[in-house]
file protein.cif (mmCIF, C-alpha atoms (C1' of nucleotides))
data_run
#
loop_
_atom_site.group_PDB
_atom_site.id
_atom_site.type_symbol
_atom_site.label_atom_id
_atom_site.label_comp_id
_atom_site.auth_asym_id
_atom_site.auth_seq_id
_atom_site.Cartn_x
_atom_site.Cartn_y
_atom_site.Cartn_z
ATOM 1 C CA MET W 1017 2.787 -28.911 -5.007
ATOM 2 C CA ALA W 1018 -0.122 -30.447 -6.941
ATOM 3 C CA ILE W 1019 -3.292 -28.420 -6.753
ATOM 4 C CA LYS W 1020 -6.193 -29.965 -4.884
ATOM 5 C CA TYR W 1021 -9.840 -29.128 -5.255
ATOM 6 C CA SER W 1022 -11.333 -26.693 -2.779
ATOM 7 C CA ARG W 1023 -14.931 -25.623 -2.399
ATOM 8 C CA GLN W 1024 -13.830 -22.125 -1.466
ATOM 9 C CA ARG W 1025 -11.830 -21.746 -4.665
ATOM 10 C CA GLU W 1026 -14.824 -22.923 -6.679
ATOM 11 C CA ALA W 1027 -17.054 -20.418 -4.927
ATOM 12 C CA ILE W 1028 -14.563 -17.643 -5.732
ATOM 13 C CA LYS W 1029 -14.487 -18.674 -9.384
ATOM 14 C CA GLU W 1030 -18.258 -18.890 -9.441
ATOM 15 C CA PHE W 1031 -18.592 -15.463 -7.849
ATOM 16 C CA LEU W 1032 -16.341 -13.891 -10.455
ATOM 17 C CA SER W 1033 -17.783 -15.767 -13.402
ATOM 18 C CA GLY W 1034 -19.676 -13.520 -15.782
ATOM 19 C CA ARG W 1035 -18.970 -10.381 -13.751
ATOM 20 C CA LYS W 1036 -18.183 -7.213 -15.624
ATOM 21 C CA ASP W 1037 -17.476 -4.970 -12.634
ATOM 22 C CA HIS W 1038 -13.895 -6.056 -11.896
ATOM 23 C CA PRO W 1039 -14.231 -6.613 -8.147
ATOM 24 C CA THR W 1040 -11.463 -6.256 -5.614
ATOM 25 C CA ALA W 1041 -10.372 -9.016 -3.226
ATOM 26 C CA ASP W 1042 -12.506 -7.466 -0.525
ATOM 27 C CA THR W 1043 -15.600 -7.447 -2.718
ATOM 28 C CA VAL W 1044 -15.023 -11.100 -3.546
ATOM 29 C CA TYR W 1045 -14.582 -11.806 0.162
ATOM 30 C CA ILE W 1046 -17.884 -10.130 1.070
ATOM 31 C CA GLY W 1047 -19.668 -11.902 -1.767
ATOM 32 C CA VAL W 1048 -18.341 -15.387 -1.081
ATOM 33 C CA ARG W 1049 -19.088 -15.018 2.617
ATOM 34 C CA ARG W 1050 -22.778 -15.467 1.814
ATOM 35 C CA GLU W 1051 -21.996 -19.076 0.984
ATOM 36 C CA PHE W 1052 -18.985 -19.544 3.291
ATOM 37 C CA PRO W 1053 -19.645 -17.299 6.292
ATOM 38 C CA ASN W 1054 -16.265 -17.916 7.850
ATOM 39 C CA ILE W 1055 -14.041 -17.967 4.806
ATOM 40 C CA SER W 1056 -10.846 -16.092 5.516
ATOM 41 C CA LEU W 1057 -9.709 -13.039 3.582
ATOM 42 C CA GLY W 1058 -6.338 -14.754 3.306
ATOM 43 C CA THR W 1059 -7.997 -17.657 1.520
ATOM 44 C CA VAL W 1060 -9.584 -15.260 -0.939
ATOM 45 C CA TYR W 1061 -6.225 -13.617 -1.684
ATOM 46 C CA ARG W 1062 -4.447 -16.949 -1.948
ATOM 47 C CA ASN W 1063 -6.974 -18.312 -4.417
ATOM 48 C CA LEU W 1064 -7.214 -15.161 -6.485
ATOM 49 C CA THR W 1065 -3.435 -15.216 -6.854
ATOM 50 C CA LEU W 1066 -3.534 -18.916 -7.711
ATOM 51 C CA LEU W 1067 -6.299 -18.499 -10.290
ATOM 52 C CA ALA W 1068 -4.415 -15.602 -11.869
ATOM 53 C CA GLN W 1069 -1.231 -17.692 -12.051
ATOM 54 C CA MET W 1070 -3.174 -20.496 -13.722
ATOM 55 C CA GLY W 1071 -4.516 -17.999 -16.229
ATOM 56 C CA GLU W 1072 -8.155 -18.516 -15.243
ATOM 57 C CA ILE W 1073 -8.634 -14.891 -14.248
ATOM 58 C CA ALA W 1074 -6.731 -11.651 -14.796
ATOM 59 C CA ARG W 1075 -5.392 -9.234 -12.220
ATOM 60 C CA ILE W 1076 -5.774 -5.615 -13.172
ATOM 61 C CA ASN W 1077 -4.020 -2.714 -11.558
ATOM 62 C CA VAL W 1078 -5.589 0.551 -12.639
ATOM 63 C CA GLY W 1079 -3.554 2.706 -10.269
ATOM 64 C CA ASP W 1080 -6.171 3.211 -7.561
ATOM 65 C CA GLY W 1081 -4.107 1.356 -4.982
ATOM 66 C CA VAL W 1082 -6.266 -1.777 -5.018
ATOM 67 C CA GLU W 1083 -6.018 -4.871 -7.142
ATOM 68 C CA HIS W 1084 -9.029 -5.739 -9.303
ATOM 69 C CA PHE W 1085 -9.881 -9.121 -10.791
ATOM 70 C CA ASP W 1086 -11.444 -9.965 -14.115
ATOM 71 C CA PRO W 1087 -12.837 -13.356 -15.161
ATOM 72 C CA ASP W 1088 -12.403 -12.294 -18.796
ATOM 73 C CA THR W 1089 -8.802 -13.086 -19.702
ATOM 74 C CA SER W 1090 -9.169 -12.173 -23.373
ATOM 75 C CA LEU W 1091 -7.397 -9.075 -24.642
ATOM 76 C CA HIS W 1092 -9.535 -6.025 -24.015
ATOM 77 C CA TYR W 1093 -9.206 -2.555 -22.565
ATOM 78 C CA HIS W 1094 -10.399 -0.984 -19.350
ATOM 79 C CA PHE W 1095 -11.849 2.357 -18.444
ATOM 80 C CA VAL W 1096 -11.664 3.866 -14.951
ATOM 81 C CA CYS W 1097 -14.075 6.565 -13.788
ATOM 82 C CA ARG W 1098 -12.362 9.432 -11.992
ATOM 83 C CA ASP W 1099 -15.612 10.154 -10.139
ATOM 84 C CA CYS W 1100 -16.828 6.847 -8.760
ATOM 85 C CA GLY W 1101 -13.773 4.681 -9.395
ATOM 86 C CA CYS W 1102 -15.704 2.028 -11.297
ATOM 87 C CA VAL W 1103 -13.815 -0.096 -13.812
ATOM 88 C CA GLN W 1104 -15.526 -0.956 -17.101
ATOM 89 C CA ASP W 1105 -14.664 -2.869 -20.236
ATOM 90 C CA LEU W 1106 -14.191 -1.012 -23.492
ATOM 91 C CA GLY W 1107 -15.239 -2.422 -26.829
ATOM 92 C CA ILE W 1108 -12.315 -1.153 -28.899
ATOM 93 C CA GLU W 1109 -10.091 -3.238 -31.075
ATOM 94 C CA ASN W 1110 -6.558 -4.216 -30.226
ATOM 95 C CA ILE W 1111 -4.265 -1.222 -30.660
ATOM 96 C CA VAL W 1112 -2.307 -2.362 -33.684
ATOM 97 C CA ASN W 1113 1.434 -2.803 -33.671
ATOM 98 C CA ILE W 1114 1.800 -0.962 -30.411
ATOM 99 C CA ASN W 1115 4.487 -3.262 -29.044
ATOM 100 C CA GLU W 1116 6.389 -3.257 -32.324
ATOM 101 C CA MET W 1117 6.175 0.535 -32.461
ATOM 102 C CA ALA W 1118 7.625 0.747 -28.990
ATOM 103 C CA THR W 1119 10.508 -1.592 -29.756
ATOM 104 C CA GLU W 1120 12.076 0.838 -32.222
ATOM 105 C CA ASP W 1121 15.162 2.502 -30.784
ATOM 106 C CA PHE W 1122 14.962 0.327 -27.671
ATOM 107 C CA ASP W 1123 17.763 -2.068 -26.783
ATOM 108 C CA GLY W 1124 15.660 -4.554 -24.800
ATOM 109 C CA ASP W 1125 12.702 -6.762 -25.739
ATOM 110 C CA ILE W 1126 9.108 -5.642 -25.396
ATOM 111 C CA ASN W 1127 6.540 -8.399 -25.171
ATOM 112 C CA GLY W 1128 3.569 -6.855 -23.480
ATOM 113 C CA SER W 1129 1.761 -3.644 -22.776
ATOM 114 C CA VAL W 1130 -1.197 -2.428 -20.870
ATOM 115 C CA THR W 1131 -3.401 0.604 -21.514
ATOM 116 C CA TYR W 1132 -5.983 2.150 -19.227
ATOM 117 C CA PHE W 1133 -8.416 4.905 -20.083
ATOM 118 C CA TYR W 1134 -9.653 7.526 -17.643
ATOM 119 C CA GLY W 1135 -12.602 9.866 -17.611
ATOM 120 C CA VAL W 1136 -16.177 10.061 -16.369
ATOM 121 C CA CYS W 1137 -18.495 7.094 -16.752
ATOM 122 C CA GLY W 1138 -21.982 7.384 -18.225
ATOM 123 C CA LYS W 1139 -23.716 7.184 -14.865
ATOM 124 C CA CYS W 1140 -21.602 9.913 -13.267
ATOM 125 C CA LYS W 1141 -21.918 12.059 -16.374
ATOM 126 C CA ARG W 1142 -25.718 11.929 -16.203
ATOM 127 C CA ARG W 1143 -25.650 12.631 -12.482
ATOM 128 C CA ARG W 1144 -23.473 15.710 -13.104
ATOM 129 C CA ASP W 1145 -25.792 17.032 -15.797
ATOM 130 C CA SER W 1146 -28.898 16.833 -13.661
ATOM 131 C CA MET Z 292 -3.155 27.345 2.323
ATOM 132 C CA ALA Z 293 -0.526 29.343 0.464
ATOM 133 C CA ILE Z 294 2.598 27.377 -0.278
ATOM 134 C CA LYS Z 295 5.738 28.454 1.503
ATOM 135 C CA TYR Z 296 9.304 27.785 0.487
ATOM 136 C CA SER Z 297 11.049 24.856 2.077
ATOM 137 C CA ARG Z 298 14.668 23.776 1.721
ATOM 138 C CA GLN Z 299 13.625 20.150 1.907
ATOM 139 C CA ARG Z 300 11.223 20.529 -0.993
ATOM 140 C CA GLU Z 301 13.951 22.202 -3.063
ATOM 141 C CA ALA Z 302 16.330 19.356 -2.285
ATOM 142 C CA ILE Z 303 13.721 16.837 -3.385
ATOM 143 C CA LYS Z 304 13.160 18.722 -6.639
ATOM 144 C CA GLU Z 305 16.893 18.981 -7.146
ATOM 145 C CA PHE Z 306 17.372 15.270 -6.496
ATOM 146 C CA LEU Z 307 14.742 14.350 -9.080
ATOM 147 C CA SER Z 308 15.817 16.906 -11.637
ATOM 148 C CA GLY Z 309 17.331 15.314 -14.715
ATOM 149 C CA ARG Z 310 16.838 11.785 -13.446
ATOM 150 C CA LYS Z 311 15.728 9.163 -15.907
ATOM 151 C CA ASP Z 312 15.379 6.248 -13.487
ATOM 152 C CA HIS Z 313 11.962 7.067 -12.021
ATOM 153 C CA PRO Z 314 12.811 6.681 -8.346
ATOM 154 C CA THR Z 315 10.383 5.680 -5.621
ATOM 155 C CA ALA Z 316 9.687 7.752 -2.515
ATOM 156 C CA ASP Z 317 12.129 5.631 -0.580
ATOM 157 C CA THR Z 318 14.908 6.189 -3.103
ATOM 158 C CA VAL Z 319 14.300 9.925 -2.941
ATOM 159 C CA TYR Z 320 14.373 9.700 0.860
ATOM 160 C CA ILE Z 321 17.712 7.913 0.880
ATOM 161 C CA GLY Z 322 19.150 10.337 -1.656
ATOM 162 C CA VAL Z 323 18.001 13.538 0.011
ATOM 163 C CA ARG Z 324 19.233 12.293 3.385
ATOM 164 C CA ARG Z 325 22.770 12.981 2.218
ATOM 165 C CA GLU Z 326 21.974 16.672 2.414
ATOM 166 C CA PHE Z 327 19.303 16.538 5.128
ATOM 167 C CA PRO Z 328 20.316 13.649 7.372
ATOM 168 C CA ASN Z 329 17.186 13.820 9.480
ATOM 169 C CA ILE Z 330 14.562 14.553 6.882
ATOM 170 C CA SER Z 331 11.466 12.512 7.554
ATOM 171 C CA LEU Z 332 10.016 10.008 5.105
ATOM 172 C CA GLY Z 333 6.673 11.707 5.719
ATOM 173 C CA THR Z 334 8.138 14.972 4.478
ATOM 174 C CA VAL Z 335 9.343 13.258 1.335
ATOM 175 C CA TYR Z 336 5.905 11.803 0.657
ATOM 176 C CA ARG Z 337 4.177 15.090 1.451
ATOM 177 C CA ASN Z 338 6.377 17.044 -0.941
ATOM 178 C CA LEU Z 339 6.265 14.484 -3.717
ATOM 179 C CA THR Z 340 2.483 14.598 -3.553
ATOM 180 C CA LEU Z 341 2.544 18.390 -3.495
ATOM 181 C CA LEU Z 342 4.928 18.639 -6.441
ATOM 182 C CA ALA Z 343 2.790 16.202 -8.392
ATOM 183 C CA GLN Z 344 -0.343 18.238 -7.642
ATOM 184 C CA MET Z 345 1.423 21.383 -8.826
ATOM 185 C CA GLY Z 346 2.348 19.586 -12.022
ATOM 186 C CA GLU Z 347 6.095 19.893 -11.439
ATOM 187 C CA ILE Z 348 6.633 16.151 -11.411
ATOM 188 C CA ALA Z 349 4.581 13.116 -12.483
ATOM 189 C CA ARG Z 350 3.564 10.126 -10.395
ATOM 190 C CA ILE Z 351 3.727 6.868 -12.242
ATOM 191 C CA ASN Z 352 2.154 3.620 -11.172
ATOM 192 C CA VAL Z 353 3.493 0.740 -13.218
ATOM 193 C CA GLY Z 354 1.748 -1.954 -11.216
ATOM 194 C CA ASP Z 355 4.681 -3.071 -9.078
ATOM 195 C CA GLY Z 356 3.023 -1.939 -5.869
ATOM 196 C CA VAL Z 357 5.205 1.139 -5.424
ATOM 197 C CA GLU Z 358 4.765 4.658 -6.675
ATOM 198 C CA HIS Z 359 7.476 6.060 -8.959
ATOM 199 C CA PHE Z 360 8.194 9.718 -9.663
ATOM 200 C CA ASP Z 361 9.312 11.384 -12.864
ATOM 201 C CA PRO Z 362 10.635 14.943 -13.239
ATOM 202 C CA ASP Z 363 9.674 14.795 -16.916
ATOM 203 C CA THR Z 364 6.016 15.755 -17.117
ATOM 204 C CA SER Z 365 5.860 15.782 -20.897
ATOM 205 C CA LEU Z 366 3.852 13.084 -22.630
ATOM 206 C CA HIS Z 367 5.990 9.999 -23.081
ATOM 207 C CA TYR Z 368 5.778 6.278 -22.492
ATOM 208 C CA HIS Z 369 7.362 3.964 -19.953
ATOM 209 C CA PHE Z 370 8.848 0.532 -20.099
ATOM 210 C CA VAL Z 371 9.106 -1.802 -17.098
ATOM 211 C CA CYS Z 372 11.600 -4.663 -16.989
ATOM 212 C CA ARG Z 373 10.091 -7.913 -15.751
ATOM 213 C CA ASP Z 374 13.542 -9.014 -14.599
ATOM 214 C CA CYS Z 375 15.009 -6.142 -12.615
ATOM 215 C CA GLY Z 376 11.937 -3.937 -12.273
ATOM 216 C CA CYS Z 377 13.638 -0.879 -13.701
ATOM 217 C CA VAL Z 378 11.482 1.781 -15.338
ATOM 218 C CA GLN Z 379 12.750 3.454 -18.506
ATOM 219 C CA ASP Z 380 11.505 6.085 -20.920
ATOM 220 C CA LEU Z 381 10.566 5.086 -24.428
ATOM 221 C CA GLY Z 382 11.154 7.311 -27.416
ATOM 222 C CA ILE Z 383 7.975 6.538 -29.300
ATOM 223 C CA GLU Z 384 5.510 9.066 -30.608
ATOM 224 C CA ASN Z 385 2.159 9.758 -29.067
ATOM 225 C CA ILE Z 386 -0.232 6.915 -29.892
ATOM 226 C CA VAL Z 387 -2.567 8.711 -32.260
ATOM 227 C CA ASN Z 388 -6.265 9.096 -31.617
ATOM 228 C CA ILE Z 389 -6.208 6.534 -28.888
ATOM 229 C CA ASN Z 390 -8.671 8.351 -26.656
ATOM 230 C CA GLU Z 391 -11.005 9.122 -29.547
ATOM 231 C CA MET Z 392 -10.867 5.494 -30.635
ATOM 232 C CA ALA Z 393 -11.838 4.395 -27.169
ATOM 233 C CA THR Z 394 -14.763 6.795 -26.914
ATOM 234 C CA GLU Z 395 -16.685 5.034 -29.677
ATOM 235 C CA ASP Z 396 -19.573 3.015 -28.292
ATOM 236 C CA PHE Z 397 -18.923 4.333 -24.795
ATOM 237 C CA ASP Z 398 -21.528 6.394 -22.982
ATOM 238 C CA GLY Z 399 -19.139 8.338 -20.738
ATOM 239 C CA ASP Z 400 -16.312 10.762 -21.480
ATOM 240 C CA ILE Z 401 -12.708 9.659 -21.928
ATOM 241 C CA ASN Z 402 -10.098 12.322 -21.383
ATOM 242 C CA GLY Z 403 -6.938 10.458 -20.527
ATOM 243 C CA SER Z 404 -5.106 7.208 -20.900
ATOM 244 C CA VAL Z 405 -1.923 5.605 -19.788
ATOM 245 C CA THR Z 406 0.112 2.870 -21.461
ATOM 246 C CA TYR Z 407 2.932 0.821 -20.016
ATOM 247 C CA PHE Z 408 5.182 -1.590 -21.855
ATOM 248 C CA TYR Z 409 6.684 -4.711 -20.335
ATOM 249 C CA GLY Z 410 9.563 -6.946 -21.276
ATOM 250 C CA VAL Z 411 13.262 -7.395 -20.634
ATOM 251 C CA CYS Z 412 15.553 -4.377 -20.562
ATOM 252 C CA GLY Z 413 18.813 -4.232 -22.525
ATOM 253 C CA LYS Z 414 20.987 -4.856 -19.510
ATOM 254 C CA CYS Z 415 19.078 -7.935 -18.349
ATOM 255 C CA LYS Z 416 18.920 -9.225 -21.906
ATOM 256 C CA ARG Z 417 22.709 -9.081 -22.220
ATOM 257 C CA ARG Z 418 23.133 -10.686 -18.817
ATOM 258 C CA ARG Z 419 20.829 -13.533 -19.890
ATOM 259 C CA ASP Z 420 22.731 -14.096 -23.097
ATOM 260 C CA SER Z 421 26.116 -14.400 -21.425
ATOM 261 C "C1'" DC C 217 -10.285 -46.371 4.889
ATOM 262 C "C1'" DC C 218 -5.664 -44.198 5.562
ATOM 263 C "C1'" DA C 219 -1.808 -41.766 5.170
ATOM 264 C "C1'" DA C 220 0.264 -37.846 2.532
ATOM 265 C "C1'" DT C 221 -0.198 -33.505 1.290
ATOM 266 C "C1'" DA C 222 -2.617 -29.380 0.119
ATOM 267 C "C1'" DA C 223 -5.990 -25.941 1.762
ATOM 268 C "C1'" DT C 224 -8.223 -23.584 5.357
ATOM 269 C "C1'" DA C 225 -9.399 -20.056 9.244
ATOM 270 C "C1'" DG C 226 -7.698 -16.936 12.117
ATOM 271 C "C1'" DA C 227 -4.363 -14.043 13.504
ATOM 272 C "C1'" DA C 228 -0.106 -11.729 13.307
ATOM 273 C "C1'" DA C 229 3.234 -9.563 10.322
ATOM 274 C "C1'" DT C 230 4.708 -6.670 6.509
ATOM 275 C "C1'" DC C 231 5.030 -2.839 3.507
ATOM 276 C "C1'" DA C 232 3.795 1.474 1.408
ATOM 277 C "C1'" DT C 233 1.557 5.437 2.430
ATOM 278 C "C1'" DT C 234 -1.055 8.909 5.346
ATOM 279 C "C1'" DA C 235 -2.314 11.280 9.436
ATOM 280 C "C1'" DT C 236 -1.274 13.488 13.896
ATOM 281 C "C1'" DC C 237 0.952 16.854 16.611
ATOM 282 C "C1'" DA C 238 4.244 19.484 19.016
ATOM 283 C "C1'" DT C 239 8.067 22.230 17.335
ATOM 284 C "C1'" DT C 240 10.484 24.874 13.826
ATOM 285 C "C1'" DT C 241 10.541 27.798 9.440
ATOM 286 C "C1'" DT C 242 8.883 30.945 6.457
ATOM 287 C "C1'" DC C 243 6.637 35.154 5.369
ATOM 288 C "C1'" DT C 244 4.208 39.534 5.765
ATOM 289 C "C1'" DG C 245 3.616 44.057 7.506
ATOM 290 C "C1'" DC C 246 5.300 47.118 10.695
ATOM 291 C "C1'" DG F 220 15.134 43.399 12.404
ATOM 292 C "C1'" DC F 221 10.767 41.748 14.782
ATOM 293 C "C1'" DA F 222 6.252 39.811 15.998
ATOM 294 C "C1'" DG F 223 2.756 37.011 14.877
ATOM 295 C "C1'" DA F 224 0.178 34.121 11.665
ATOM 296 C "C1'" DA F 225 0.432 30.285 8.746
ATOM 297 C "C1'" DA F 226 2.728 26.560 6.707
ATOM 298 C "C1'" DA F 227 6.327 22.896 6.946
ATOM 299 C "C1'" DT F 228 8.903 19.732 9.527
ATOM 300 C "C1'" DG F 229 10.405 15.371 12.171
ATOM 301 C "C1'" DA F 230 9.007 11.757 14.803
ATOM 302 C "C1'" DT F 231 5.850 8.557 15.372
ATOM 303 C "C1'" DA F 232 1.435 6.385 15.325
ATOM 304 C "C1'" DA F 233 -2.201 4.848 12.320
ATOM 305 C "C1'" DT F 234 -4.117 2.948 8.209
ATOM 306 C "C1'" DG F 235 -5.164 -0.226 4.538
ATOM 307 C "C1'" DA F 236 -3.994 -3.742 1.349
ATOM 308 C "C1'" DT F 237 -1.733 -7.848 1.064
ATOM 309 C "C1'" DT F 238 1.224 -11.778 2.809
ATOM 310 C "C1'" DT F 239 2.800 -15.009 5.999
ATOM 311 C "C1'" DC F 240 2.410 -18.297 9.846
ATOM 312 C "C1'" DT F 241 0.465 -22.195 12.144
ATOM 313 C "C1'" DA F 242 -2.466 -25.441 13.982
ATOM 314 C "C1'" DT F 243 -6.463 -27.775 12.122
ATOM 315 C "C1'" DT F 244 -9.361 -29.610 8.351
ATOM 316 C "C1'" DA F 245 -10.252 -31.319 3.646
ATOM 317 C "C1'" DT F 246 -8.894 -33.779 -0.466
ATOM 318 C "C1'" DT F 247 -6.951 -37.569 -2.866
ATOM 319 C "C1'" DG F 248 -4.469 -41.727 -4.567
ATOM 320 C "C1'" DG F 249 -3.778 -46.326 -3.346
#
call {"tool": "encode", "arguments": {"input": "protein.cif", "output": "structure tokens"}}
result
Amino acid sequence: MAIKYSRQREAIKEFLSGRKDHPTADTVYIGVRREFPNISLGTVYRNLTLLAQMGEIARINVGDGVEHFDPDTSLHYHFVCRDCGCVQDLGIENIVNINEMATEDFDGDINGSVTYFYGVCGKCKRRRDS
Amino acid sequence: MAIKYSRQREAIKEFLSGRKDHPTADTVYIGVRREFPNISLGTVYRNLTLLAQMGEIARINVGDGVEHFDPDTSLHYHFVCRDCGCVQDLGIENIVNINEMATEDFDGDINGSVTYFYGVCGKCKRRRDS
DNA sequence: CCAATAATAGAAATCATTATCATTTTCTGC
DNA sequence: GCAGAAAATGATAATGATTTCTATTATTGG
């Protein structure tokens, strides 16, 4: 099944491009509808899945029951606010040797890991203080 | 809303107790049905949520779309097999200073983190080799 | 331009989880 | 033990995110 161009897929890519807020499929849907008023939610899901498979975007599952999408596929870490649920990038370095550490005393192979951080984001923190 | 004893809740706790396979709600349901043939799946979910809130068990979300439950609430790490989907405990030490590391250059507060490891479990590895 | 094949919109289906509600259990004080 | 209040249950309906289905439309290579 060779992949063919689609304007909707381009619009989805364009919508995500440069974003730092890790939108959900529904957010993408609402956003892209400005340009394609009758795009289908199914089309959004299909293309997000396709783009993730092609490695053009990343799916991130932070445990809030909804899938988020990130145009930045480079290795970096995410923070999730327990107050507002926002998902932000963190500027820390790669956690060294973590996969190798984990492989000790384990009889399978470990080739990946994912770490999420939780707490209160700056905005919610300031709102609490006031 | 004071909590009252319930035989079903005890059976659920008993079923989980000592388990290392991190069952899902459905697995617990099927298991507990041996003793309570007409327990409701809703009751299972309600009690798993309750037990997790009370800190007697842990909910774990490894990104496979289903919630898993762990009677071991101590800090430890989990491995998820990309082949069979099984979830196993890992014997590694606490990843030092990870939350403090992450807090640098971040304007909110970080007070928790979760790390999952992915790969091929021992059983699937041996099956592949043969 | 045309046929083939992939992609779409819209809707229905699926799957995990939660909510509702009438009935049953548990518990507390007599 | 017993009554009554409160919580828990079972059965089922409802929800919400995601996937699948299908007839129609768009893309593409020749």
call {"tool": "resolve_selection", "arguments": {"input": "protein.cif", "expression": "the PyMOL selection byres ((chain C and resi 219) around 12)", "output": "PyMOL selection string"}}
result
(chain C and resi 217-218+220-221) or (chain F and resi 247-249)
call {"tool": "interface_residues", "arguments": {"input": "protein.cif", "of": "chain Z", "to": "chain F", "cutoff": "8 Å", "atoms": "only C-alpha atoms (C1' of nucleotides)", "output": "VMD selection string"}}
result
chain Z and resid 292 to 295 297 329 to 331 334
call {"tool": "resolve_selection", "arguments": {"input": "protein.cif", "expression": "the PyMOL selection byres ((chain C) within 12 of (chain W))", "output": "list in words"}}
result
DA220, DT221, DA222, DA223, DT224, DA225, DG226, DA227, DA232 and DT233 of chain C
call {"tool": "write_last_selection", "arguments": {"input": "protein.cif", "atoms": "C-alpha atoms (C1' of nucleotides)", "output": "CSV table (one decimal), in the frame of the given file"}}
result
chain,number,residue,atom,x,y,z
C,220,DA,C1',0.3,-37.8,2.5
C,221,DT,C1',-0.2,-33.5,1.3
C,222,DA,C1',-2.6,-29.4,0.1
C,223,DA,C1',-6.0,-25.9,1.8
C,224,DT,C1',-8.2,-23.6,5.4
C,225,DA,C1',-9.4,-20.1,9.2
C,226,DG,C1',-7.7,-16.9,12.1
C,227,DA,C1',-4.4,-14.0,13.5
C,232,DA,C1',3.8,1.5,1.4
C,233,DT,C1',1.6,5.4,2.4
call {"tool": "closest_residue", "arguments": {"input": "protein.cif", "among": "Z:Ile351, Z:Ile303, Z:Val371, Z:Leu339", "to": "Arg325 (chain Z)", "atoms": "only C-alpha atoms"}}
result
Z:Ile303
call {"tool": "closest_residue", "arguments": {"input": "protein.cif", "among": "Z:Tyr336, Z:Tyr407, Z:Phe360, Z:Tyr368", "to": "chain W", "atoms": "all atoms listed in the file"}}
result
Z:Tyr407
call {"tool": "resolve_selection", "arguments": {"input": "protein.cif", "expression": "the PyMOL selection byres ((chain Z) within 8 of (chain W))", "output": "VMD selection string"}}
result
chain Z and resid 352 to 354 356 381 to 383 390 392 to 393 395 to 414 416
call {"tool": "atom_distance", "arguments": {"input": "protein.cif", "atom1": "CA of Asp1037 (chain W)", "atom2": "CA of Val1103 (chain W)"}}
result
6.2 Å
call {"tool": "atom_distance", "arguments": {"input": "protein.cif", "atom1": "CA of Glu305 (chain Z)", "atom2": "CA of Gly376 (chain Z)"}}
result
24.0 Å
call {"tool": "atom_distance", "arguments": {"input": "protein.cif", "atom1": "C1' of DC243 (chain C)", "atom2": "CA of Leu307 (chain Z)"}}
result
26.6 Å
call {"tool": "closest_residue", "arguments": {"input": "protein.cif", "among": "W:Cys1102, W:Leu1066, W:Ile1046, W:Ala1027", "to": "His1084 (chain W)", "atoms": "only C-alpha atoms"}}
result
W:Cys1102
